[in-house]
Amino acid sequence: VRTRHDRFRVHPIPPDSPFEMQCLGAVALPAAHASIGRGERELRCAQRVLRSGTSRSRSCFPTSRGRTSTTTTTYAGKAPFPVGTPEPNGIVPGIGKGMPKWPEVWRWLNEEKKMQTLDSLDCQKLVREGAVLLDVRFEPDYEKWTIPGSVSVPYVTGGFLAKLRLPGFKKKNADFVRMVEAQIPDKKTKIVLACIWGGSLTREPPKNRGLTDNTKGGGSLPGAFELYQAGYTNLYHLYGGVNQWYQDCAFEPTLPEGVGTWPGDIEWFGYRQFNGKDRLKGQRDD
């Protein structure tokens, strides 16, 4: 179970994560290493890719058996705009009816927009310089636990049944772009989007559509896709989402403590979040 206060903790294994599948069960890891080590490797890989501008290397990521993958994918030119059906506001949605295939969106964010991923410390530095931390989580989650100073515009919404965590009752917030424009009218503002668990811009989406895709995240990357279309130009992605921020607070004294009770301190959080869940069917709190 994840806790911020133990020197060693049991690291829950998401069943669909190639980076966590070191064995069939939980792995006891030193907390400091487990919370930031993988993120640092992933961010360094992303920085190398951004500097090169031509290829995306997966050689810095461990495989499920602990070996190192040497697969390198090279793309020629910029990715075309993903094919989808615009909503009445002219925006092609990131999720829901009319959405493009996610791998197309993922490539467009990487190749066309070159969107950057920030860890918690880099995010804090950017916010101190005037950036806005945009929390796109489901509103009840924001009300219970949040990063100080963040602005809430939920990317998903729902009524009473959705608030009871029943699967299938959440839906995309049709007014997401309009609400962001009302909160942040200057479209040159630097914005860091944060959802509950982040997704990834460095791991490629699985080519097997039968596999659960853990690169999309809980709304930050699909939300960025829509905001780019609306004219926002300086968008960033928070690695690991709000969940990772709370976890990093235990090891980075310069990070402001989150407000409210972090579910990671609740004993059954790891089981509820990961065991037998399928994000594509809405069976995860995102």
# chains A, B, ... in the order shown; residues from 1 in each chain; ligands from 1
$ select_by_dssp --residues "stretch 53-254 of chain A" --states "strand (DSSP E)" --output "JSON, numbers by chain"
{"A": [55, 56, 57, 72, 73, 74, 116, 117, 118, 132, 133, 134, 135, 145, 146, 151, 152, 156, 157, 171, 172, 191, 192, 193, 194, 235, 236, 237, 238]}
$ residues_around --residues "stretch 199-210 of chain A" --least-positions-apart "4" --cutoff "6 Å" --atoms "only C-alpha atoms" --output "PyMOL selection string"
chain A and resi 46+103+214-217
$ atom_distance --atom1 "atom CA of A:Pro93" --atom2 "atom CA of A:Leu164"
25.6 Å
$ residues_around --residues "A:Phe81" --least-positions-apart "3" --cutoff "9 Å" --atoms "only C-alpha atoms" --output "PyMOL selection string"
chain A and resi 104-105+108+112
$ closest_residue --among "A:Val153, A:Ala250, A:Val83, A:Ile191" --to "A:Glu129" --atoms "only C-alpha atoms"
A:Ile191
$ select_by_dssp --residues "stretch 139-181 of chain A" --states "helix (DSSP H, G or I)" --output "number ranges by chain"
A: 139-144, 160-163, 176-181
$ write_last_selection --atoms "N, CA and C atoms" --output "short mmCIF file (atom, residue, chain, number, x, y, z; two decimals), in the first residue's frame"
data_model
loop_
_atom_site.label_atom_id
_atom_site.label_comp_id
_atom_site.auth_asym_id
_atom_site.auth_seq_id
_atom_site.Cartn_x
_atom_site.Cartn_y
_atom_site.Cartn_z
N GLU A 139 -14.52 17.11 -10.32
CA GLU A 139 -14.64 18.15 -9.29
C GLU A 139 -14.67 17.63 -7.85
N PRO A 140 -15.37 16.53 -7.54
CA PRO A 140 -15.33 16.02 -6.16
C PRO A 140 -13.93 15.66 -5.68
N ASP A 141 -13.07 15.20 -6.61
CA ASP A 141 -11.69 14.91 -6.22
C ASP A 141 -10.95 16.19 -5.87
N TYR A 142 -11.15 17.22 -6.68
CA TYR A 142 -10.49 18.51 -6.41
C TYR A 142 -10.91 19.06 -5.05
N GLU A 143 -12.17 18.89 -4.71
CA GLU A 143 -12.67 19.42 -3.44
C GLU A 143 -12.08 18.69 -2.24
N LYS A 144 -11.71 17.41 -2.42
CA LYS A 144 -11.20 16.61 -1.30
C LYS A 144 -9.69 16.71 -1.13
N PHE A 160 -25.06 12.60 -9.66
CA PHE A 160 -25.02 11.91 -8.37
C PHE A 160 -24.38 10.54 -8.48
N LEU A 161 -24.75 9.76 -9.50
CA LEU A 161 -24.23 8.41 -9.63
C LEU A 161 -22.74 8.42 -9.94
N ALA A 162 -22.29 9.40 -10.71
CA ALA A 162 -20.85 9.51 -10.99
C ALA A 162 -20.09 9.83 -9.72
N LYS A 163 -20.67 10.64 -8.86
CA LYS A 163 -20.01 11.00 -7.60
C LYS A 163 -19.96 9.82 -6.64
N PHE A 176 -15.65 22.47 -21.34
CA PHE A 176 -14.29 22.54 -20.82
C PHE A 176 -13.52 23.72 -21.41
N VAL A 177 -13.48 23.84 -22.72
CA VAL A 177 -12.69 24.91 -23.35
C VAL A 177 -13.25 26.28 -22.96
N ARG A 178 -14.56 26.43 -22.98
CA ARG A 178 -15.17 27.72 -22.62
C ARG A 178 -14.84 28.10 -21.18
N MET A 179 -14.86 27.13 -20.27
CA MET A 179 -14.56 27.41 -18.87
C MET A 179 -13.10 27.80 -18.69
N VAL A 180 -12.19 27.15 -19.43
CA VAL A 180 -10.78 27.53 -19.35
C VAL A 180 -10.58 28.94 -19.88
N GLU A 181 -11.25 29.27 -20.97
CA GLU A 181 -11.13 30.62 -21.54
C GLU A 181 -11.64 31.67 -20.57
#
$ closest_residue --among "A:Leu126, A:Met99, A:Leu193, A:Leu166" --to "A:Pro154" --atoms "only C-alpha atoms"
A:Leu193
$ closest_residue --among "A:Ala131, A:Val156, A:Leu238, A:Ala224" --to "A:Thr117" --atoms "only C-alpha atoms"
A:Leu238
$ decode --residues "stretch 145-169 of chain A" --atoms "N, CA, C and O atoms" --output "PDB file, in the first residue's frame"
ATOM      1  N   TRP A 145      -8.950  16.825  -2.247  1.00  0.00           N
ATOM      2  CA  TRP A 145      -7.485  16.894  -2.149  1.00  0.00           C
ATOM      3  C   TRP A 145      -6.955  17.601  -3.386  1.00  0.00           C
ATOM      4  O   TRP A 145      -7.307  17.275  -4.506  1.00  0.00           O
ATOM      5  N   THR A 146      -6.120  18.604  -3.142  1.00  0.00           N
ATOM      6  CA  THR A 146      -5.678  19.434  -4.263  1.00  0.00           C
ATOM      7  C   THR A 146      -4.339  20.094  -3.970  1.00  0.00           C
ATOM      8  O   THR A 146      -3.906  20.186  -2.816  1.00  0.00           O
ATOM      9  N   ILE A 147      -3.683  20.567  -5.019  1.00  0.00           N
ATOM     10  CA  ILE A 147      -2.420  21.291  -4.899  1.00  0.00           C
ATOM     11  C   ILE A 147      -2.729  22.763  -4.633  1.00  0.00           C
ATOM     12  O   ILE A 147      -3.551  23.344  -5.344  1.00  0.00           O
ATOM     13  N   PRO A 148      -2.115  23.364  -3.630  1.00  0.00           N
ATOM     14  CA  PRO A 148      -2.409  24.766  -3.317  1.00  0.00           C
ATOM     15  C   PRO A 148      -2.175  25.674  -4.522  1.00  0.00           C
ATOM     16  O   PRO A 148      -1.186  25.551  -5.231  1.00  0.00           O
ATOM     17  N   GLY A 149      -3.119  26.587  -4.744  1.00  0.00           N
ATOM     18  CA  GLY A 149      -2.977  27.573  -5.814  1.00  0.00           C
ATOM     19  C   GLY A 149      -3.421  27.108  -7.181  1.00  0.00           C
ATOM     20  O   GLY A 149      -3.394  27.878  -8.141  1.00  0.00           O
ATOM     21  N   SER A 150      -3.828  25.854  -7.309  1.00  0.00           N
ATOM     22  CA  SER A 150      -4.251  25.348  -8.615  1.00  0.00           C
ATOM     23  C   SER A 150      -5.650  25.855  -8.948  1.00  0.00           C
ATOM     24  O   SER A 150      -6.431  26.227  -8.080  1.00  0.00           O
ATOM     25  N   VAL A 151      -5.935  25.871 -10.243  1.00  0.00           N
ATOM     26  CA  VAL A 151      -7.237  26.296 -10.752  1.00  0.00           C
ATOM     27  C   VAL A 151      -7.979  25.062 -11.235  1.00  0.00           C
ATOM     28  O   VAL A 151      -7.419  24.240 -11.963  1.00  0.00           O
ATOM     29  N   SER A 152      -9.238  24.916 -10.854  1.00  0.00           N
ATOM     30  CA  SER A 152     -10.015  23.730 -11.211  1.00  0.00           C
ATOM     31  C   SER A 152     -10.936  24.005 -12.393  1.00  0.00           C
ATOM     32  O   SER A 152     -11.793  24.888 -12.333  1.00  0.00           O
ATOM     33  N   VAL A 153     -10.737  23.237 -13.460  1.00  0.00           N
ATOM     34  CA  VAL A 153     -11.690  23.166 -14.569  1.00  0.00           C
ATOM     35  C   VAL A 153     -11.780  21.691 -14.938  1.00  0.00           C
ATOM     36  O   VAL A 153     -10.891  21.161 -15.603  1.00  0.00           O
ATOM     37  N   PRO A 154     -12.820  20.987 -14.506  1.00  0.00           N
ATOM     38  CA  PRO A 154     -12.880  19.538 -14.729  1.00  0.00           C
ATOM     39  C   PRO A 154     -13.043  19.182 -16.200  1.00  0.00           C
ATOM     40  O   PRO A 154     -13.849  19.793 -16.908  1.00  0.00           O
ATOM     41  N   TYR A 155     -12.285  18.183 -16.624  1.00  0.00           N
ATOM     42  CA  TYR A 155     -12.412  17.703 -17.999  1.00  0.00           C
ATOM     43  C   TYR A 155     -13.534  16.674 -18.112  1.00  0.00           C
ATOM     44  O   TYR A 155     -14.112  16.495 -19.179  1.00  0.00           O
ATOM     45  N   VAL A 156     -13.821  15.983 -17.007  1.00  0.00           N
ATOM     46  CA  VAL A 156     -14.953  15.060 -16.959  1.00  0.00           C
ATOM     47  C   VAL A 156     -15.907  15.532 -15.882  1.00  0.00           C
ATOM     48  O   VAL A 156     -15.509  16.182 -14.905  1.00  0.00           O
ATOM     49  N   THR A 157     -17.164  15.233 -16.078  1.00  0.00           N
ATOM     50  CA  THR A 157     -18.180  15.656 -15.124  1.00  0.00           C
ATOM     51  C   THR A 157     -19.204  14.543 -14.979  1.00  0.00           C
ATOM     52  O   THR A 157     -19.137  13.528 -15.667  1.00  0.00           O
ATOM     53  N   GLY A 158     -20.152  14.730 -14.092  1.00  0.00           N
ATOM     54  CA  GLY A 158     -21.171  13.708 -13.875  1.00  0.00           C
ATOM     55  C   GLY A 158     -22.058  14.089 -12.709  1.00  0.00           C
ATOM     56  O   GLY A 158     -21.722  14.969 -11.912  1.00  0.00           O
ATOM     57  N   GLY A 159     -23.182  13.431 -12.611  1.00  0.00           N
ATOM     58  CA  GLY A 159     -24.145  13.720 -11.568  1.00  0.00           C
ATOM     59  C   GLY A 159     -23.952  12.870 -10.335  1.00  0.00           C
ATOM     60  O   GLY A 159     -22.842  12.444  -9.999  1.00  0.00           O
ATOM     61  N   PHE A 160     -25.057  12.603  -9.659  1.00  0.00           N
ATOM     62  CA  PHE A 160     -25.022  11.910  -8.373  1.00  0.00           C
ATOM     63  C   PHE A 160     -24.379  10.536  -8.481  1.00  0.00           C
ATOM     64  O   PHE A 160     -23.545  10.155  -7.656  1.00  0.00           O
ATOM     65  N   LEU A 161     -24.754   9.764  -9.500  1.00  0.00           N
ATOM     66  CA  LEU A 161     -24.227   8.414  -9.632  1.00  0.00           C
ATOM     67  C   LEU A 161     -22.736   8.418  -9.940  1.00  0.00           C
ATOM     68  O   LEU A 161     -22.004   7.546  -9.475  1.00  0.00           O
ATOM     69  N   ALA A 162     -22.287   9.395 -10.709  1.00  0.00           N
ATOM     70  CA  ALA A 162     -20.853   9.510 -10.988  1.00  0.00           C
ATOM     71  C   ALA A 162     -20.086   9.828  -9.717  1.00  0.00           C
ATOM     72  O   ALA A 162     -18.979   9.326  -9.501  1.00  0.00           O
ATOM     73  N   LYS A 163     -20.668  10.643  -8.857  1.00  0.00           N
ATOM     74  CA  LYS A 163     -20.008  10.996  -7.603  1.00  0.00           C
ATOM     75  C   LYS A 163     -19.957   9.818  -6.636  1.00  0.00           C
ATOM     76  O   LYS A 163     -19.134   9.802  -5.717  1.00  0.00           O
ATOM     77  N   LEU A 164     -20.804   8.833  -6.862  1.00  0.00           N
ATOM     78  CA  LEU A 164     -20.749   7.609  -6.067  1.00  0.00           C
ATOM     79  C   LEU A 164     -19.713   6.627  -6.603  1.00  0.00           C
ATOM     80  O   LEU A 164     -19.563   5.520  -6.092  1.00  0.00           O
ATOM     81  N   ARG A 165     -18.973   7.036  -7.645  1.00  0.00           N
ATOM     82  CA  ARG A 165     -17.904   6.239  -8.255  1.00  0.00           C
ATOM     83  C   ARG A 165     -18.432   5.042  -9.029  1.00  0.00           C
ATOM     84  O   ARG A 165     -17.707   4.079  -9.259  1.00  0.00           O
ATOM     85  N   LEU A 166     -19.673   5.090  -9.431  1.00  0.00           N
ATOM     86  CA  LEU A 166     -20.213   4.005 -10.246  1.00  0.00           C
ATOM     87  C   LEU A 166     -19.691   4.157 -11.673  1.00  0.00           C
ATOM     88  O   LEU A 166     -19.740   5.249 -12.248  1.00  0.00           O
ATOM     89  N   PRO A 167     -19.169   3.083 -12.269  1.00  0.00           N
ATOM     90  CA  PRO A 167     -18.582   3.194 -13.611  1.00  0.00           C
ATOM     91  C   PRO A 167     -19.632   3.482 -14.675  1.00  0.00           C
ATOM     92  O   PRO A 167     -20.770   3.006 -14.593  1.00  0.00           O
ATOM     93  N   GLY A 168     -19.219   4.281 -15.674  1.00  0.00           N
ATOM     94  CA  GLY A 168     -20.075   4.541 -16.815  1.00  0.00           C
ATOM     95  C   GLY A 168     -20.947   5.773 -16.705  1.00  0.00           C
ATOM     96  O   GLY A 168     -21.706   6.073 -17.638  1.00  0.00           O
ATOM     97  N   PHE A 169     -20.869   6.520 -15.606  1.00  0.00           N
ATOM     98  CA  PHE A 169     -21.741   7.682 -15.425  1.00  0.00           C
ATOM     99  C   PHE A 169     -20.995   9.012 -15.561  1.00  0.00           C
ATOM    100  O   PHE A 169     -21.602  10.065 -15.430  1.00  0.00           O
TER     101      PHE A 169
END
